[in-house]
Every structure is written in structure tokens, then in C-alpha cells.
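Data from coords.cif: mmCIF, C-alpha atoms
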data_query
loop_
_atom_site.group_PDB
_atom_site.id
_atom_site.type_symbol
_atom_site.label_atom_id
_atom_site.label_comp_id
_atom_site.auth_asym_id
_atom_site.auth_seq_id
_atom_site.Cartn_x
_atom_site.Cartn_y
_atom_site.Cartn_z
ATOM 1 C CA SER A 125 15.561 29.968 -5.209
ATOM 2 C CA GLY A 126 12.227 29.240 -3.528
ATOM 3 C CA LYS A 127 10.259 31.672 -5.690
ATOM 4 C CA LYS A 128 6.899 30.612 -7.066
ATOM 5 C CA ARG A 129 6.548 30.591 -10.836
ATOM 6 C CA LYS A 130 4.388 29.040 -13.501
ATOM 7 C CA LEU A 131 5.954 26.249 -15.509
ATOM 8 C CA ILE A 132 4.714 27.451 -18.866
ATOM 9 C CA SER A 133 7.008 24.989 -20.624
ATOM 10 C CA LEU A 134 4.818 22.059 -19.471
ATOM 11 C CA GLY A 135 1.767 23.468 -21.245
ATOM 12 C CA ARG A 136 -1.765 24.064 -19.993
ATOM 13 C CA CYS A 137 -4.163 21.157 -19.511
ATOM 14 C CA ALA A 138 -5.599 19.125 -16.643
ATOM 15 C CA HIS A 139 -2.243 17.654 -15.620
ATOM 16 C CA GLU A 140 -3.253 14.649 -13.553
ATOM 17 C CA CYS A 141 0.235 13.818 -12.404
ATOM 18 C CA ALA A 142 3.846 14.686 -13.036
ATOM 19 C CA THR A 143 6.157 11.709 -12.841
ATOM 20 C CA ILE A 144 9.799 12.715 -12.887
ATOM 21 C CA LYS A 145 12.836 10.820 -14.116
ATOM 22 C CA VAL A 146 16.263 12.374 -13.565
ATOM 23 C CA LEU A 147 18.690 11.410 -16.338
ATOM 24 C CA GLU A 148 22.365 10.572 -15.812
ATOM 25 C CA ASP A 149 23.329 14.116 -16.910
ATOM 26 C CA HIS A 150 20.770 15.484 -14.372
ATOM 27 C CA ARG A 151 18.359 16.776 -16.999
ATOM 28 C CA ILE A 152 14.761 16.140 -16.018
ATOM 29 C CA VAL A 153 12.087 14.210 -17.878
ATOM 30 C CA VAL A 154 8.490 14.779 -16.778
ATOM 31 C CA TYR A 155 5.679 12.485 -17.893
ATOM 32 C CA THR A 156 2.177 13.845 -17.489
ATOM 33 C CA GLY A 157 -1.318 13.110 -18.774
ATOM 34 C CA ASP A 158 -4.333 15.282 -19.534
ATOM 35 C CA ASP A 159 -7.158 13.881 -17.386
ATOM 36 C CA ILE A 160 -10.009 14.240 -19.836
ATOM 37 C CA ASP A 161 -11.776 11.958 -22.323
ATOM 38 C CA ASN A 162 -9.482 11.843 -25.386
ATOM 39 C CA GLY A 163 -6.699 13.532 -23.400
ATOM 40 C CA CYS A 164 -3.084 13.163 -24.483
ATOM 41 C CA LEU A 165 0.099 11.876 -22.876
ATOM 42 C CA TYR A 166 3.041 14.282 -22.616
ATOM 43 C CA LYS A 167 6.761 14.191 -21.994
ATOM 44 C CA PHE A 168 8.870 17.232 -21.163
ATOM 45 C CA ILE A 169 12.668 16.996 -21.467
ATOM 46 C CA SER A 170 14.642 19.804 -19.838
ATOM 47 C CA HIS A 171 17.553 21.417 -21.662
ATOM 48 C CA SER A 172 19.657 21.871 -18.558
ATOM 49 C CA PRO A 173 20.175 19.944 -15.306
ATOM 50 C CA GLY A 174 17.553 20.457 -12.622
ATOM 51 C CA ASN A 175 15.661 23.102 -14.584
ATOM 52 C CA LEU A 176 11.994 22.810 -15.568
ATOM 53 C CA THR A 177 11.761 26.300 -17.077
ATOM 54 C CA ASN A 178 13.422 25.406 -20.357
ATOM 55 C CA GLY A 179 13.200 22.354 -22.540
ATOM 56 C CA LYS A 180 10.942 20.727 -25.080
ATOM 57 C CA LEU A 181 7.440 19.382 -24.646
ATOM 58 C CA TYR A 182 6.296 16.340 -26.621
ATOM 59 C CA VAL A 183 2.962 14.605 -27.141
ATOM 60 C CA ALA A 184 2.739 10.842 -27.622
ATOM 61 C CA SER A 185 1.569 9.438 -30.931
ATOM 62 C CA LEU A 186 0.851 5.750 -30.394
ATOM 63 C CA GLU A 187 0.043 5.410 -34.074
ATOM 64 C CA GLN A 188 3.518 6.645 -35.084
ATOM 65 C CA LYS A 189 5.264 5.229 -32.000
ATOM 66 C CA LYS A 190 7.023 8.516 -31.396
ATOM 67 C CA TRP A 191 6.997 11.648 -29.300
ATOM 68 C CA ILE A 192 6.035 14.686 -31.410
ATOM 69 C CA GLU A 193 7.457 18.042 -30.350
ATOM 70 C CA VAL A 194 4.713 20.543 -29.510
ATOM 71 C CA SER A 195 6.441 23.381 -31.329
ATOM 72 C CA PHE A 196 5.072 26.442 -33.094
ATOM 73 C CA SER A 197 8.163 26.669 -35.295
ATOM 74 C CA LYS A 198 8.044 23.022 -36.448
ATOM 75 C CA HIS A 199 4.403 22.624 -37.494
ATOM 76 C CA LYS A 200 2.701 24.596 -40.275
ATOM 77 C CA THR A 201 -0.691 23.638 -38.879
ATOM 78 C CA LEU A 202 0.159 25.347 -35.573
ATOM 79 C CA LYS A 203 1.404 28.470 -37.379
ATOM 80 C CA LYS A 204 -1.969 28.727 -39.154
ATOM 81 C CA LYS A 205 -3.912 28.555 -35.883
ATOM 82 C CA PHE A 206 -1.693 30.325 -33.330
ATOM 83 C CA SER A 207 0.550 33.398 -33.133
ATOM 84 C CA ASN A 208 3.468 31.991 -31.102
ATOM 85 C CA GLN A 209 4.740 29.200 -28.848
ATOM 86 C CA LEU A 210 3.049 30.690 -25.780
ATOM 87 C CA GLU A 211 -0.361 30.340 -27.440
ATOM 88 C CA VAL A 212 0.489 26.799 -28.548
ATOM 89 C CA LEU A 213 1.272 25.843 -24.938
ATOM 90 C CA THR A 214 -1.720 27.751 -23.551
ATOM 91 C CA TYR A 215 -4.055 25.831 -25.857
ATOM 92 C CA LEU A 216 -2.153 22.567 -25.446
ATOM 93 C CA ARG A 217 -5.161 20.285 -25.931
ATOM 94 C CA GLU A 218 -6.011 21.771 -29.301
ATOM 95 C CA SER A 219 -2.365 22.043 -30.354
ATOM 96 C CA SER A 220 -1.669 18.412 -29.536
ATOM 97 C CA LYS A 221 -4.576 17.122 -31.563
ATOM 98 C CA LEU A 222 -3.603 19.307 -34.537
ATOM 99 C CA ILE A 223 -0.204 17.579 -34.667
ATOM 100 C CA ASN A 224 -1.653 14.062 -34.244
ATOM 101 C CA GLY A 225 -1.214 13.422 -30.541
ATOM 102 C CA SER A 226 -3.047 10.210 -29.631
ATOM 103 C CA LYS A 227 -6.454 10.634 -28.005
ATOM 104 C CA LEU A 228 -6.335 8.432 -24.905
ATOM 105 C CA ASP A 229 -8.822 7.271 -22.298
ATOM 106 C CA ARG A 230 -8.288 9.803 -19.486
ATOM 107 C CA PRO A 231 -4.592 9.330 -18.662
ATOM 108 C CA GLU A 232 -4.305 9.429 -14.892
ATOM 109 C CA ASP A 233 -1.368 8.214 -12.838
ATOM 110 C CA ILE A 234 1.966 7.467 -14.485
ATOM 111 C CA GLU A 235 4.698 5.429 -12.828
ATOM 112 C CA ILE A 236 8.107 4.198 -13.945
ATOM 113 C CA ASP A 237 8.716 0.500 -13.376
ATOM 114 C CA PRO A 238 11.758 0.315 -11.046
ATOM 115 C CA VAL A 239 12.849 -3.027 -12.521
ATOM 116 C CA ASN A 240 12.776 -2.372 -16.272
ATOM 117 C CA ASN A 241 12.223 1.431 -16.560
ATOM 118 C CA ASN A 242 9.012 1.065 -18.589
ATOM 119 C CA VAL A 243 6.456 3.855 -18.264
ATOM 120 C CA ILE A 244 3.110 2.559 -16.964
ATOM 121 C CA ILE A 245 -0.031 4.671 -17.430
ATOM 122 C CA ALA A 246 -3.478 4.211 -15.896
ATOM 123 C CA LEU A 247 -6.129 5.026 -18.509
ATOM 124 C CA THR A 248 -9.257 5.402 -16.391
ATOM 125 C CA ASN A 249 -12.082 5.279 -18.943
ATOM 126 C CA ASN A 250 -13.558 7.195 -21.861
ATOM 127 C CA TYR A 251 -17.325 7.586 -22.046
ATOM 128 C CA MET A 252 -17.014 9.277 -25.465
ATOM 129 C CA LYS A 253 -15.641 5.972 -26.808
ATOM 130 C CA GLN A 254 -17.973 3.826 -24.655
ATOM 131 C CA ASN A 255 -14.931 2.531 -22.754
ATOM 132 C CA LEU A 256 -16.387 2.258 -19.265
ATOM 133 C CA HIS A 257 -13.579 0.284 -17.613
ATOM 134 C CA GLY A 258 -10.233 1.673 -18.823
ATOM 135 C CA SER A 259 -6.894 -0.082 -19.154
ATOM 136 C CA ILE A 260 -3.215 -0.022 -18.222
ATOM 137 C CA LEU A 261 -0.807 1.134 -20.943
ATOM 138 C CA LYS A 262 2.927 0.406 -21.076
ATOM 139 C CA ILE A 263 5.406 2.621 -22.956
ATOM 140 C CA ILE A 264 8.804 1.092 -23.707
ATOM 141 C CA GLU A 265 11.232 3.893 -24.544
ATOM 142 C CA LYS A 266 13.709 3.116 -27.352
ATOM 143 C CA ASP A 267 17.008 1.794 -25.970
ATOM 144 C CA ASN A 268 15.460 2.163 -22.489
ATOM 145 C CA LYS A 269 16.287 5.908 -22.559
ATOM 146 C CA HIS A 270 13.725 8.337 -21.209
ATOM 147 C CA ASP A 271 14.939 11.117 -23.510
ATOM 148 C CA SER A 272 14.320 8.963 -26.587
ATOM 149 C CA LEU A 273 11.774 10.241 -29.082
ATOM 150 C CA GLU A 274 10.716 6.769 -30.226
ATOM 151 C CA PHE A 275 8.932 4.074 -28.267
ATOM 152 C CA ASP A 276 6.952 0.901 -28.457
ATOM 153 C CA TYR A 277 3.822 0.260 -26.425
ATOM 154 C CA GLU A 278 1.313 -2.339 -25.397
ATOM 155 C CA THR A 279 -1.855 -2.576 -23.390
ATOM 156 C CA LEU A 280 -0.988 -4.586 -20.284
ATOM 157 C CA ILE A 281 -4.569 -5.270 -19.296
ATOM 158 C CA THR A 282 -8.028 -3.926 -20.002
ATOM 159 C CA GLY A 283 -10.647 -3.365 -17.354
ATOM 160 C CA GLY A 284 -13.950 -5.176 -17.216
ATOM 161 C CA GLU A 285 -15.763 -8.091 -15.614
ATOM 162 C CA SER A 286 -13.399 -10.676 -17.095
ATOM 163 C CA THR A 287 -10.283 -9.027 -15.640
ATOM 164 C CA GLY A 288 -11.788 -8.014 -12.308
ATOM 165 C CA PHE A 289 -10.948 -4.336 -12.257
ATOM 166 C CA SER A 290 -12.448 -1.117 -13.549
ATOM 167 C CA CYS A 291 -11.368 2.508 -13.928
ATOM 168 C CA PRO A 292 -7.704 2.352 -12.842
ATOM 169 C CA ASP A 293 -6.549 5.561 -11.239
ATOM 170 C CA ASN A 294 -3.472 5.493 -9.017
ATOM 171 C CA LEU A 295 -0.575 3.094 -9.493
ATOM 172 C CA LEU A 296 2.187 2.027 -7.126
ATOM 173 C CA PHE A 297 5.176 -0.285 -7.292
ATOM 174 C CA ASP A 298 6.114 -1.918 -4.016
ATOM 175 C CA LYS A 299 8.857 -4.315 -3.004
#

Output the file's structure in the form of C-alpha cells.
Amino acid sequence: SGKKRKLISLGRCAHECATIKVLEDHRIVVYTGDDIDNGCLYKFISHSPGNLTNGKLYVASLEQKKWIEVSFSKHKTLKKKFSNQLEVLTYLRESSKLINGSKLDRPEDIEIDPVNNNVIIALTNNYMKQNLHGSILKIIEKDNKHDSLEFDYETLITGGESTGFSCPDNLLFDK
């Protein structure tokens, strides 16, 4: 309708990018990263076609190889700390770490590989972990479905003198 509105459902953090995948049923998946040392990777899946105002927000747990719903009603630890879902989303960084979201190395740009649908993430660096050069992370969604809650992953390449690049930021697939 052209009206401005906050997308509270995506949570509050330093969203570096918002990479969108439209599913066959026209629901929307949004991948985004929190551009901060030990920031998390997020995925929002809309409930209805073309609508970003309702849906579920998930944080990636590389250790568990799954997307964990950032939900006040599903986590006792969030109920102890916050009063409701709005507070959980407002304090997304803290909420995500309380439910074991993986602490990554400044997730920046996120792109979807047009050939195999993998999710590629530039992890710029993390001075807190003495990672000065960053890396490129690949998420492989289960059954190649972007609304899956399970995934596998691998580090495609790490930055440094031996690989010839440092601090990846923006990514692009070309022909």
C-alpha cells in the first residue's frame, strides 16, 4: 500500500543486508546478518505470500546445524529475561545468544548461488577472536529448500596471506 512501517518481525540489530528468496508458494525468506563481532546469522520465513509483517525469525546454530526460532513462547530462558516477543525482538542480539545462536565473524553480505541455491555469507573479520582476515561461509539448506530448519555448512575459504584476500564484504555472482 506504499505506507512506511517498521518490520518488527525481522528483529533489531545491525542488519548488514537482507537477501530475499521467494518460495514457490510466494512466501518470502529473508537472510540477514548482524554486522558486529560475534554477530549472528538470521532467517525470516513469512507466513503468507508477499508479506514481511508476519512470520517466524530464526537464528543459525552452526553447532546444531539448525535454525532456532527466536520465540518468547518456546524458550524458558527468554521468558526469564524478557516480558514478551516484542522485547525478545528488540533485544535480538542478547536473545539470540541466550538460545545458542552461533557467534560469527561479522556477517556482511549474503548471496544465494544461482546454480545450486546455496547461501553464501561473507564473514569480514572478528578482532575479539583475533580473526583479522575473515572467511566465506556456505550454508546448504536441507533438501535444497530455503524454508528448511536444518542445514549443513562449510567454510569455502579463509582469508589471509596464503589465500590472497582479506576481510570479504560484498559478494556477487555473475554470468

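Computed from the coordinates, the atom CA of Ser185 of chain A to atom CA of Asn224 of chain A distance equals 6.5 Å.
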
Using only C-alpha atoms, find each residue in segment 125-204 of chain A having at least one atom no more than 6 Å away from segment 257-277 of chain A; report its shortest atom-to-atom pair and that distance in Å (one decimal), rows by chain then rising number, as a tab-separated table.
residue	atom	partner	partner_atom	distance
A:Lys189	CA	A:Phe275	CA	5.4
A:Lys190	CA	A:Glu274	CA	4.2
A:Trp191	CA	A:Leu273	CA	5.0

Task: Atom-to-atom span, atom CA of Glu285 of chain A and atom CA of Ile160 of chain A, Å - done: 23.4 Å

TODO: Take the point (4.8, 12.9, -16.0) as written in the file and pick out every residue within 8 Å of it, counting all atoms listed in the file; give the list as a list in words.
DONE: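 Applying the cut-off with all atoms listed in the file, one gets Cys141, Ala142, Thr143, Ile144, Val153, Val154, Tyr155, Thr156, Gly157, Tyr166, Lys167, Phe168 and Ile234 of chain A.
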
- [ ] For the file shown, report as a VMD selection string the outcome of the PyMOL selection byres ((chain A and resi 246) around 9) at residue level.
- [x] chain A and resid 229 to 235 244 to 245 247 to 248 258 to 261 291 to 295

- [ ] Evaluate the PyMOL selection byres ((chain A and resi 131) around 9) and record the selected residues as an MDAnalysis selection string, following the chain and residue labels used in the document.
- [x] chainID A and resid 129:130 132:135 176:178

Task: One-decimal distance in Å that lies between atom CA of Arg217 of chain A and atom CA of Leu181 of chain A - done: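 Atom CA of Arg217 of chain A lies 12.7 Å from atom CA of Leu181 of chain A.
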
Open item on the list: Under the rule that only C-alpha atoms are counted, which of A:Val194, A:Ser170, A:Asn162, A:Leu222 is the nearest residue to Asn208 of chain A?
Closed with: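 Residue with the minimum atom-to-atom distance to Asn208 of chain A: A:Val194.
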
For Ser219 of chain A, please output as a compact mmCIF listing (two decimals) with C-alpha atoms, keeping the file's coordinate frame all residues within 10 Å (counting all atoms listed in the file; exclusion window: fewer than 5 positions along the same chain).
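What follows is the written file selection_25.txt:
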# COMPACT_ATOMS: atom_id res chain seq x y z
CA VAL A 183 2.96 14.60 -27.14
CA VAL A 194 4.71 20.54 -29.51
CA SER A 195 6.44 23.38 -31.33
CA PHE A 196 5.07 26.44 -33.09
CA HIS A 199 4.40 22.62 -37.49
CA THR A 201 -0.69 23.64 -38.88
CA LEU A 202 0.16 25.35 -35.57
CA LYS A 205 -3.91 28.56 -35.88
CA PHE A 206 -1.69 30.32 -33.33
CA GLU A 211 -0.36 30.34 -27.44
CA VAL A 212 0.49 26.80 -28.55
CA LEU A 213 1.27 25.84 -24.94
CA THR A 214 -1.72 27.75 -23.55
CA ASN A 224 -1.65 14.06 -34.24
CA GLY A 225 -1.21 13.42 -30.54

Task: Which of A:Asn249, A:Arg151, A:Asp158, A:Ser197 sits closest to Glu218 of chain A [using all atoms listed in the file] - done: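 Going through A:Asn249, A:Arg151, A:Asp158, A:Ser197 one by one, the smallest distance to Glu218 of chain A is for A:Asp158.
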